[in-house]
file query.csv (CSV, C-alpha atoms and all ligand atoms)
chain,number,residue,atom,x,y,z
A,1,MET,CA,67.9,43.8,79.7
A,2,ALA,CA,70.4,46.3,81.2
A,3,ARG,CA,73.7,44.8,82.1
A,4,ARG,CA,75.9,45.5,85.1
A,5,ALA,CA,79.1,47.3,84.4
A,6,ALA,CA,81.7,44.6,84.5
A,7,ALA,CA,84.4,46.4,86.5
A,8,PRO,CA,84.6,48.0,89.9
A,9,ARG,CA,82.6,51.2,90.0
A,10,ARG,CA,85.0,53.7,91.6
A,11,GLY,CA,86.3,56.3,89.1
A,12,PRO,CA,89.4,58.4,88.9
A,13,PRO,CA,88.4,61.5,91.0
A,14,GLN,CA,88.1,59.5,94.2
A,15,LYS,CA,90.7,59.7,96.9
A,16,GLU,CA,92.9,56.8,97.5
A,17,GLY,CA,92.1,56.9,101.3
A,18,ARG,CA,88.4,56.6,100.6
A,19,VAL,CA,89.0,53.6,98.2
A,20,ASN,CA,91.0,51.8,100.9
A,21,ARG,CA,88.3,52.6,103.5
A,22,LEU,CA,85.6,51.2,101.2
A,23,ASP,CA,87.7,48.1,100.6
A,24,VAL,CA,88.0,47.5,104.4
A,25,LEU,CA,84.2,47.9,104.7
A,26,ARG,CA,83.6,45.4,102.0
A,27,GLY,CA,86.2,42.8,103.1
A,28,PRO,CA,87.7,40.3,100.7
A,29,HIS,CA,84.6,40.0,98.6
A,30,PRO,CA,84.2,41.0,94.9
A,31,ALA,CA,82.6,44.5,94.6
A,32,VAL,CA,79.0,44.4,93.6
A,33,ASP,CA,78.6,47.0,90.8
A,34,HIS,CA,76.0,49.8,90.8
A,35,THR,CA,73.3,49.5,88.2
A,36,ALA,CA,70.6,52.0,87.1
A,37,ARG,CA,68.3,50.0,89.4
A,38,THR,CA,70.5,50.6,92.4
A,39,ILE,CA,71.0,54.3,91.6
A,40,ALA,CA,67.2,54.7,91.3
A,41,ALA,CA,66.8,52.9,94.7
A,42,LEU,CA,69.5,54.9,96.3
A,43,ALA,CA,68.0,58.1,95.1
A,44,ALA,CA,64.6,56.9,96.3
A,45,ASN,CA,65.9,57.0,99.9
A,46,PRO,CA,68.6,59.7,100.0
A,47,GLY,CA,68.6,60.0,103.8
A,48,CYS,CA,69.7,56.4,104.3
A,49,ASP,CA,73.4,56.3,105.2
A,50,ARG,CA,73.4,52.5,105.4
A,51,ARG,CA,72.4,52.0,101.8
A,52,ALA,CA,74.8,54.8,100.7
A,53,VAL,CA,77.8,53.1,102.4
A,54,PHE,CA,76.9,49.6,101.2
A,55,ASP,CA,76.5,50.8,97.7
A,56,ALA,CA,79.6,52.9,97.6
A,57,ALA,CA,81.7,50.0,99.1
A,58,GLY,CA,80.1,47.5,96.7
A,59,VAL,CA,79.0,45.4,99.6
A,60,ASP,CA,76.8,42.4,98.6
A,61,LYS,CA,73.6,43.4,100.4
A,62,ARG,CA,71.8,40.3,99.5
A,63,ALA,CA,74.5,38.1,101.1
A,64,ILE,CA,74.6,40.3,104.2
A,65,ALA,CA,70.8,40.1,104.6
A,66,ARG,CA,70.8,36.4,104.1
A,67,HIS,CA,73.5,35.8,106.7
A,68,LEU,CA,71.5,38.1,109.1
A,69,GLY,CA,68.5,35.8,108.7
A,70,HIS,CA,66.5,38.4,106.7
A,71,PRO,CA,66.8,37.5,103.0
A,72,ALA,CA,64.9,39.7,100.6
A,73,PRO,CA,62.6,37.9,98.1
A,74,PHE,CA,64.1,39.7,95.1
A,75,GLY,CA,65.9,38.5,92.0
A,76,GLN,CA,64.8,36.9,88.8
A,77,SER,CA,64.6,33.2,88.4
A,78,VAL,CA,67.1,31.5,86.1
A,79,PHE,CA,64.2,31.0,83.6
A,80,ALA,CA,63.4,34.7,83.6
A,81,ILE,CA,67.0,35.7,83.1
A,82,THR,CA,67.5,33.2,80.2
A,83,ARG,CA,64.3,34.5,78.6
A,84,ALA,CA,65.3,38.1,79.0
A,85,ARG,CA,68.7,37.4,77.4
A,86,ALA,CA,67.2,35.5,74.5
A,87,PHE,CA,64.7,38.4,73.9
A,88,GLU,CA,67.6,41.0,74.0
A,89,ARG,CA,69.6,38.9,71.5
A,90,LEU,CA,66.6,38.7,69.2
A,91,VAL,CA,66.1,42.5,69.2
A,92,LYS,CA,69.8,43.2,68.7
A,93,ALA,CA,70.6,40.4,66.1
A,94,ASP,CA,72.3,41.5,62.9
A,95,GLY,CA,73.4,44.9,64.1
A,96,CYS,CA,70.1,45.7,65.7
A,97,ALA,CA,68.2,45.1,62.4
A,98,GLU,CA,64.9,44.4,64.3
A,99,LEU,CA,65.4,47.4,66.6
A,100,LEU,CA,65.9,49.6,63.6
A,101,ARG,CA,62.6,48.3,62.0
A,102,LEU,CA,60.8,49.1,65.3
A,103,LEU,CA,62.3,52.6,65.5
A,104,ARG,CA,61.2,53.3,61.9
A,105,GLU,CA,57.7,52.2,62.8
A,106,LEU,CA,57.6,54.2,66.0
A,107,PHE,CA,59.0,57.5,64.7
A,108,GLY,CA,56.5,57.2,61.8
A,109,ARG,CA,59.0,58.3,59.2
A,110,ASP,CA,62.2,57.4,57.5
A,111,VAL,CA,64.9,57.7,60.0
A,112,GLY,CA,67.5,57.7,57.2
A,113,GLU,CA,70.9,56.1,57.2
A,114,VAL,CA,71.7,54.8,60.6
A,115,GLY,CA,75.2,53.5,61.6
A,116,TYR,CA,75.6,50.8,64.1
A,117,VAL,CA,78.5,50.7,66.6
A,118,ASP,CA,79.0,48.0,69.3
A,119,VAL,CA,81.1,49.7,72.0
A,120,ALA,CA,81.8,46.3,73.5
A,121,GLU,CA,84.1,45.7,70.6
A,122,THR,CA,86.3,48.7,71.4
A,123,GLU,CA,90.0,47.8,71.5
A,124,GLY,CA,91.4,47.4,74.9
A,125,SER,CA,87.9,46.9,76.1
A,126,GLY,CA,88.4,48.1,79.7
A,127,ARG,CA,85.7,50.3,81.1
A,128,GLU,CA,87.8,53.5,80.6
A,129,ALA,CA,88.3,52.6,76.9
A,130,ARG,CA,84.6,51.8,76.5
A,131,HIS,CA,83.5,55.0,78.2
A,132,ALA,CA,85.9,57.1,76.1
A,133,ARG,CA,84.6,55.5,72.9
A,134,THR,CA,81.0,56.1,74.0
A,135,ARG,CA,81.8,59.8,74.7
A,136,GLU,CA,83.5,60.1,71.3
A,137,LEU,CA,80.6,58.6,69.4
A,138,LEU,CA,78.0,60.6,71.1
A,139,ARG,CA,79.9,63.9,70.9
A,140,ASP,CA,80.5,63.3,67.1
A,141,ALA,CA,76.8,62.5,66.6
A,142,ALA,CA,75.7,65.6,68.6
A,143,ARG,CA,78.0,67.8,66.5
A,144,ALA,CA,76.8,66.3,63.2
A,145,ALA,CA,73.2,66.7,64.3
A,146,ALA,CA,73.8,70.4,65.2
A,147,ASP,CA,75.5,71.0,61.8
A,148,GLY,CA,72.5,69.4,60.0
A,149,ARG,CA,74.7,66.5,58.7
A,150,PRO,CA,73.4,62.9,58.7
A,151,ALA,CA,73.9,61.7,62.2
A,152,GLY,CA,71.8,58.5,62.7
A,153,VAL,CA,73.6,56.1,64.9
A,154,LEU,CA,72.8,53.1,67.1
A,155,VAL,CA,75.3,52.8,69.9
A,156,ASP,CA,75.2,49.3,71.4
A,157,HIS,CA,76.6,48.5,74.9
A,158,PRO,CA,77.5,52.2,75.6
A,159,LEU,CA,79.1,52.9,78.9
A,160,LEU,CA,78.1,56.1,80.8
A,161,ARG,CA,79.4,57.5,84.0
A,162,LEU,CA,77.5,59.2,86.8
A,163,ASP,CA,78.5,60.8,90.2
A,164,ALA,CA,76.2,59.4,92.9
A,165,GLY,CA,77.0,61.0,96.3
A,166,GLY,CA,80.7,61.2,95.5
A,167,THR,CA,81.0,57.7,94.0
A,168,GLU,CA,81.7,57.4,90.3
A,169,VAL,CA,79.3,54.8,88.8
A,170,TYR,CA,79.5,53.2,85.4
A,171,LEU,CA,76.2,52.5,83.8
A,172,GLU,CA,75.3,50.4,80.7
A,173,PRO,CA,72.0,51.2,79.0
A,174,ASP,CA,70.9,48.7,76.4
A,175,VAL,CA,71.2,51.0,73.3
A,176,ILE,CA,71.3,54.7,72.7
A,177,ALA,CA,69.9,55.9,69.3
A,178,LEU,CA,70.2,59.2,67.5
A,179,GLN,CA,67.6,59.4,64.9
A,180,ALA,CA,66.6,61.8,62.1
A,181,GLY,CA,65.1,64.4,64.3
A,182,GLY,CA,68.5,64.9,65.8
A,183,ARG,CA,67.7,63.7,69.3
A,184,PHE,CA,69.2,60.9,71.4
A,185,HIS,CA,66.8,58.3,72.7
A,186,VAL,CA,67.6,55.8,75.5
A,187,ILE,CA,66.3,52.4,74.5
A,188,ALA,CA,65.3,49.9,77.2
A,189,ILE,CA,64.8,46.3,76.2
A,190,LYS,CA,62.6,44.4,78.7
A,191,SER,CA,61.2,40.9,78.7
A,192,PHE,CA,57.9,41.6,80.3
A,193,ALA,CA,55.0,41.5,77.9
A,194,ILE,CA,52.8,44.3,76.5
A,195,ILE,CA,49.4,42.7,76.2
A,196,ASP,CA,46.6,44.5,74.3
A,197,GLY,CA,48.8,47.7,74.5
A,198,GLN,CA,49.0,47.4,78.3
A,199,ALA,CA,51.9,46.2,80.5
A,200,GLU,CA,52.1,45.6,84.3
A,201,PRO,CA,52.3,49.2,85.7
A,202,ALA,CA,54.8,48.3,88.4
A,203,GLN,CA,57.2,46.9,85.8
A,204,VAL,CA,56.8,49.9,83.5
A,205,ALA,CA,57.4,52.2,86.5
A,206,ALA,CA,60.6,50.3,87.4
A,207,ALA,CA,61.8,50.5,83.8
A,208,ALA,CA,61.0,54.2,83.7
A,209,ARG,CA,63.0,54.9,86.9
A,210,GLN,CA,66.0,53.0,85.5
A,211,ALA,CA,65.7,54.7,82.1
A,212,ALA,CA,65.6,58.1,83.8
A,213,VAL,CA,69.0,57.3,85.3
A,214,TYR,CA,70.4,56.7,81.9
A,215,VAL,CA,68.8,59.9,80.5
A,216,HIS,CA,70.3,61.8,83.4
A,217,ALA,CA,73.8,60.3,82.9
A,218,LEU,CA,73.6,60.9,79.1
A,219,ARG,CA,72.6,64.5,79.5
A,220,ALA,CA,75.5,65.0,82.0
A,221,LEU,CA,77.9,63.4,79.4
A,222,LEU,CA,76.7,65.8,76.6
A,223,ALA,CA,77.0,68.8,78.9
A,224,ALA,CA,80.6,67.8,79.8
A,225,GLU,CA,81.4,67.5,76.1
A,226,GLY,CA,80.0,71.0,75.4
A,227,ALA,CA,76.9,69.7,73.6
A,228,ASP,CA,73.3,70.6,74.5
A,229,PRO,CA,71.9,68.2,77.1
A,230,ALA,CA,68.4,68.9,75.8
A,231,LEU,CA,69.4,66.8,72.7
A,232,VAL,CA,68.5,63.8,74.9
A,233,ALA,CA,64.8,63.1,74.7
A,234,HIS,CA,62.8,62.6,77.8
A,235,ASP,CA,60.8,60.0,75.9
A,236,VAL,CA,62.6,56.7,76.2
A,237,VAL,CA,61.9,53.8,73.9
A,238,LEU,CA,60.6,50.7,75.7
A,239,VAL,CA,61.0,47.5,73.7
A,240,CYS,CA,59.0,44.5,75.0
A,241,PRO,CA,57.5,41.2,73.7
A,242,LYS,CA,54.0,41.8,72.2
A,243,ASP,CA,51.0,39.8,73.6
A,244,PHE,CA,51.9,36.2,74.2
A,245,ALA,CA,54.4,35.8,71.4
A,246,ASN,CA,58.1,36.8,71.4
A,247,THR,CA,57.6,39.4,68.7
A,248,PRO,CA,59.1,42.7,69.8
A,249,THR,CA,57.1,45.9,70.0
A,250,ALA,CA,58.2,49.4,70.9
A,251,THR,CA,56.5,52.3,72.6
A,252,PHE,CA,57.5,55.7,74.1
A,253,VAL,CA,57.6,56.2,77.8
A,254,ASP,CA,57.8,59.8,79.1
A,255,VAL,CA,60.2,59.9,82.1
A,256,ARG,CA,60.1,63.6,82.9
A,257,GLN,CA,58.6,63.0,86.3
A,258,GLN,CA,61.2,60.3,87.2
A,259,LEU,CA,64.0,62.7,85.9
A,260,ALA,CA,62.8,65.5,88.2
A,261,VAL,CA,62.7,63.2,91.2
A,262,LEU,CA,66.0,61.7,90.4
A,263,ALA,CA,67.8,65.0,90.0
A,264,ARG,CA,66.3,66.3,93.3
A,265,GLN,CA,67.3,63.1,95.2
A,266,LEU,CA,70.8,62.9,93.7
A,267,ALA,CA,71.4,66.5,94.8
A,268,ARG,CA,70.4,65.5,98.4
A,269,LEU,CA,72.6,62.5,98.6
A,270,THR,CA,75.1,63.0,101.4
A,271,ARG,CA,78.6,62.9,100.2
A,272,ILE,CA,80.0,59.5,101.1
A,273,ASP,CA,83.1,61.0,102.8
A,274,ARG,CA,81.0,62.8,105.3
A,275,ILE,CA,79.3,59.5,106.3
A,276,LEU,CA,82.6,57.6,106.4
A,277,ASP,CA,84.0,60.2,108.8
A,278,ARG,CA,81.3,59.3,111.3
A,279,LEU,CA,82.0,55.6,111.3
A,280,PRO,CA,84.5,53.6,113.4
A,281,PRO,CA,87.7,53.2,111.4
A,282,ASP,CA,87.9,49.4,111.8
A,283,LEU,CA,84.2,48.8,110.8
A,284,THR,CA,83.8,46.0,108.3
A,285,PHE,CA,81.0,43.9,106.8
A,286,ASP,CA,83.4,41.1,106.0
A,287,LEU,CA,81.5,37.8,106.2
A,288,ARG,CA,84.8,36.0,106.8
A,289,PRO,CA,84.2,33.2,104.3
A,290,GLY,CA,85.6,29.8,105.2
A,291,PRO,CA,87.3,27.4,102.8
A,292,ASP,CA,84.0,26.4,101.2
A,293,GLY,CA,83.1,30.1,100.8
A,294,ALA,CA,80.3,30.0,103.4
A,295,PRO,CA,80.3,32.9,105.9
A,296,THR,CA,81.9,32.1,109.3
A,297,ARG,CA,81.3,35.4,111.0
A,298,PRO,CA,78.7,35.1,113.8
A,299,ALA,CA,75.4,36.8,112.6
A,300,ALA,CA,75.1,38.7,115.9
A,301,ASP,CA,78.5,40.3,115.4
A,302,LEU,CA,77.6,41.2,111.8
A,303,ALA,CA,74.3,42.7,113.0
A,304,ARG,CA,76.2,44.9,115.5
A,305,ALA,CA,78.4,46.1,112.6
A,306,VAL,CA,75.5,46.9,110.4
A,307,ARG,CA,73.7,48.8,113.1
A,308,GLN,CA,76.6,51.2,113.4
A,309,VAL,CA,75.5,52.7,110.2
A,310,PRO,CA,72.2,54.6,110.6
A,311,ALA,CA,69.4,53.5,108.4
A,312,ARG,CA,66.2,55.4,107.4
A,313,PHE,CA,63.7,52.7,106.8
A,314,ALA,CA,60.5,53.4,104.8
A,315,PRO,CA,57.9,50.9,103.7
A,316,GLU,CA,59.0,51.6,100.1
A,317,CYS,CA,62.3,49.9,101.0
A,318,LEU,CA,60.5,46.6,100.8
A,319,SER,CA,60.4,46.8,97.0
A,320,THR,CA,63.8,48.3,96.4
A,321,CYS,CA,66.4,47.2,98.8
A,322,ASP,CA,67.9,43.8,99.8
A,323,MET,CA,68.3,45.0,103.4
A,324,ALA,CA,64.6,45.8,103.8
A,325,TYR,CA,63.6,42.9,106.0
A,326,PHE,CA,66.5,43.5,108.4
A,327,CYS,CA,65.9,47.2,108.6
A,328,ARG,CA,62.2,46.7,109.1
A,329,ALA,CA,62.8,44.4,112.0
A,330,GLU,CA,65.2,46.9,113.5
A,331,ALA,CA,62.7,49.8,113.1
A,332,ARG,CA,60.0,47.6,114.7
A,333,GLU,CA,62.3,46.8,117.7
A,334,ARG,CA,62.9,50.6,118.2
A,335,GLU,CA,59.2,51.3,117.6
A,336,ALA,CA,60.4,53.9,115.1
A,337,THR,CA,58.0,56.3,113.4
A,338,ASP,CA,59.8,55.2,110.2
A,339,MET,CA,57.4,52.2,110.2
A,340,LEU,CA,54.5,54.6,109.5
A,341,GLY,CA,55.8,55.8,106.1
A,342,ARG,CA,57.6,58.9,105.0
A,343,ALA,CA,54.5,61.2,104.9
A,344,VAL,CA,53.5,60.4,108.5
A,345,ARG,CA,57.1,60.5,109.8
A,346,ASP,CA,57.7,63.9,108.2
A,347,ALA,CA,54.4,65.2,109.6
A,348,LEU,CA,55.5,64.1,113.1
A,349,GLY,CA,58.4,66.6,112.7
A,350,GLY,CA,61.3,64.6,114.0
A,351,LEU,CA,59.7,62.5,116.7
A,352,ALA,CA,61.7,59.3,116.3
A,353,THR,CA,59.6,56.7,118.1
A,354,ILE,CA,55.9,55.8,118.5
A,355,PRO,CA,56.1,55.9,122.4
A,356,GLU,CA,57.3,59.5,122.1
A,357,VAL,CA,54.4,60.3,119.9
A,358,LEU,CA,51.9,58.6,122.2
A,359,GLY,CA,53.5,60.2,125.3
A,360,LEU,CA,53.0,63.7,123.8
A,361,ALA,CA,49.4,62.9,122.5
A,362,GLU,CA,48.2,61.5,125.9
A,363,GLY,CA,50.0,64.2,127.9
A,364,ALA,CA,52.2,61.7,129.7
A,365,ARG,CA,55.3,63.4,128.5
A,366,GLU,CA,56.3,67.1,128.7
A,367,PRO,CA,57.2,68.4,125.2
A,368,ALA,CA,60.7,69.9,124.7
A,369,GLU,CA,60.8,73.5,123.5
A,370,ASP,CA,61.0,72.5,119.8
A,371,GLU,CA,58.2,69.9,120.3
A,372,ALA,CA,55.5,72.4,121.5
A,373,GLU,CA,53.8,72.8,118.2
A,374,ILE,CA,53.6,69.1,117.3
A,375,ALA,CA,52.5,68.3,120.9
A,376,ASP,CA,49.5,70.7,120.5
A,377,ARG,CA,48.5,69.1,117.3
A,378,LEU,CA,48.8,65.6,118.7
A,379,ARG,CA,46.8,66.4,121.8
A,380,LEU,CA,44.0,67.9,119.6
A,381,VAL,CA,43.9,64.8,117.4
A,382,HIS,CA,43.9,62.6,120.5
A,383,ARG,CA,41.0,64.6,122.0
A,384,PHE,CA,39.0,64.3,118.8
A,385,TYR,CA,39.7,60.6,118.7
A,386,ALA,CA,38.7,60.0,122.3
A,387,GLU,CA,35.5,62.0,121.7
A,388,ALA,CA,34.7,60.0,118.6
A,389,LEU,CA,35.3,56.7,120.4
A,390,GLY,CA,33.1,57.8,123.3
A,391,ALA,CA,30.3,58.8,121.0
A,392,ALA,CA,30.5,55.5,119.2
A,393,ALA,CA,30.4,53.6,122.5
A,394,ARG,CA,27.3,55.6,123.6
A,395,GLU,CA,25.5,54.7,120.3
A,396,VAL,CA,26.3,51.0,120.8
A,397,ALA,CA,25.0,51.2,124.4
A,398,VAL,CA,21.7,52.9,123.3
A,399,ALA,CA,21.1,50.3,120.5
A,401,LIG,S1,66.2,48.8,103.5
A,401,LIG,FE1,67.6,49.6,105.0
A,401,LIG,S2,69.5,50.0,104.0
A,401,LIG,FE2,68.0,49.7,102.4
A,401,LIG,S3,67.3,51.8,101.9
A,401,LIG,FE3,65.9,51.0,103.4
A,401,LIG,S4,66.7,51.7,105.4
A,401,LIG,FE4,68.3,51.9,103.9

call {"tool": "encode", "arguments": {"input": "query.csv", "output": "structure tokens"}}
result
Amino acid sequence: MARRAAAPRRGPPQKEGRVNRLDVLRGPHPAVDHTARTIAALAANPGCDRRAVFDAAGVDKRAIARHLGHPAPFGQSVFAITRARAFERLVKADGCAELLRLLRELFGRDVGEVGYVDVAETEGSGREARHARTRELLRDAARAAADGRPAGVLVDHPLLRLDAGGTEVYLEPDVIALQAGGRFHVIAIKSFAIIDGQAEPAQVAAAARQAAVYVHALRALLAAEGADPALVAHDVVLVCPKDFANTPTATFVDVRQQLAVLARQLARLTRIDRILDRLPPDLTFDLRPGPDGAPTRPAADLARAVRQVPARFAPECLSTCDMAYFCRAEAREREATDMLGRAVRDALGGLATIPEVLGLAEGAREPAEDEAEIADRLRLVHRFYAEALGAAAREVAVA
């Protein structure tokens, strides 16, 4: 199970002014750290300023959505979390002995001597120290592999860093392994079962998206250290319980497609400074907790603050973002074309609302100059639709 980085996510290159601004937006609440899951979700909707701001400021989206009366049905049960932790402990016990056995089986050959280093035991274990130690270990392993020296190493609790739209994010994959073939593999330990060689496709897809974030960050780290990023394999190792027992099994998952999507979407993320410049300077999502910690801010006031940051709802948000139910209600209120999904919205070429679309299709609204082409297409479709309906009605009448 991937852990959250323990400390705030903002890294050294950020400007002090922006840090203060993000603190004001968050209010007196502890920052919620980015994870590979949140990066994957952010990259899945790069046009959404609301999510970008909330994530950069470490705003607790779940608490906000709950207070707005639109809680998202996400999150693991206590039982599932306990089970996941127990499984991870089993795989990592005795210096990852079980994991090493699985890797030997999976790679189908002797992976040779493999050292084990737990980065969590780094002296002065702040995140900077842990990230520096991770960099040092991976750089040395990459050099040894390039020189043909024995380089097998299992790095437990590594800490990677990634720039997401101008925000430095710390990420903690489960384990990174360098094996005899001289390539690094990200290892993802998950507690969902592989039964008869098959796992729930949605869970595998989510694990692949998260692992792709780690692969991307690891390649960036090697590139920054002057090593070849291609040393990081696009095949990640997925470790899950086998069948209905708690026995671990390992399999490769190819994340090339997820990597391509992630790289494209990360490049499209608007720099957070540009979004902040467009927002009122005193905007805050402070829930104003009372003495018992419960929010005292009127929900309507909070909703007004949230609406100041433009959102870009898509039906996919329902499975990736805690704000989805609020944003969907807002998109419904506006009768936004966002409700129809990204493909339809993009095909409608910038028409923001369903009444605008219907107005053009039915000829009730004169198109603006840049709407002439889409208006022609909509009228054509509307005519075909009306003719088809008329034909169907005549057939019913004859019958
Ligand atoms: S649910 Fe709302 S905030 Fe989250 S990504 Fe979608 S539109 Fe953005």

call {"tool": "residues_near_ligand", "arguments": {"input": "query.csv", "ligand": "ligand LIG 401 (chain A)", "cutoff": "7 Å", "atoms": "all atoms listed in the file", "output": "list in words"}}
result
Leu42, Asn45, Cys48, Asp49, Arg50, Arg51, Ala311, Arg312, Phe313, Ala314, Cys317, Leu318, Cys321, Asp322, Met323, Ala324, Tyr325 and Cys327 of chain A

call {"tool": "closest_residue", "arguments": {"input": "query.csv", "among": "A:Asp156, A:Asp228, A:Glu121, A:Asp60", "to": "Leu99 of chain A", "atoms": "only C-alpha atoms"}}
result
A:Asp156

call {"tool": "atom_distance", "arguments": {"input": "query.csv", "atom1": "atom CA of Ala207 of chain A", "atom2": "atom CA of Glu113 of chain A"}}
result
28.7 Å

call {"tool": "closest_residue", "arguments": {"input": "query.csv", "among": "A:Pro310, A:Gly95, A:Pro289, A:Gly69", "to": "Val117 of chain A", "atoms": "all atoms listed in the file"}}
result
A:Gly95

call {"tool": "closest_residue", "arguments": {"input": "query.csv", "among": "A:Arg209, A:Arg334, A:Arg66, A:Arg104", "to": "Arg37 of chain A", "atoms": "only C-alpha atoms"}}
result
A:Arg209
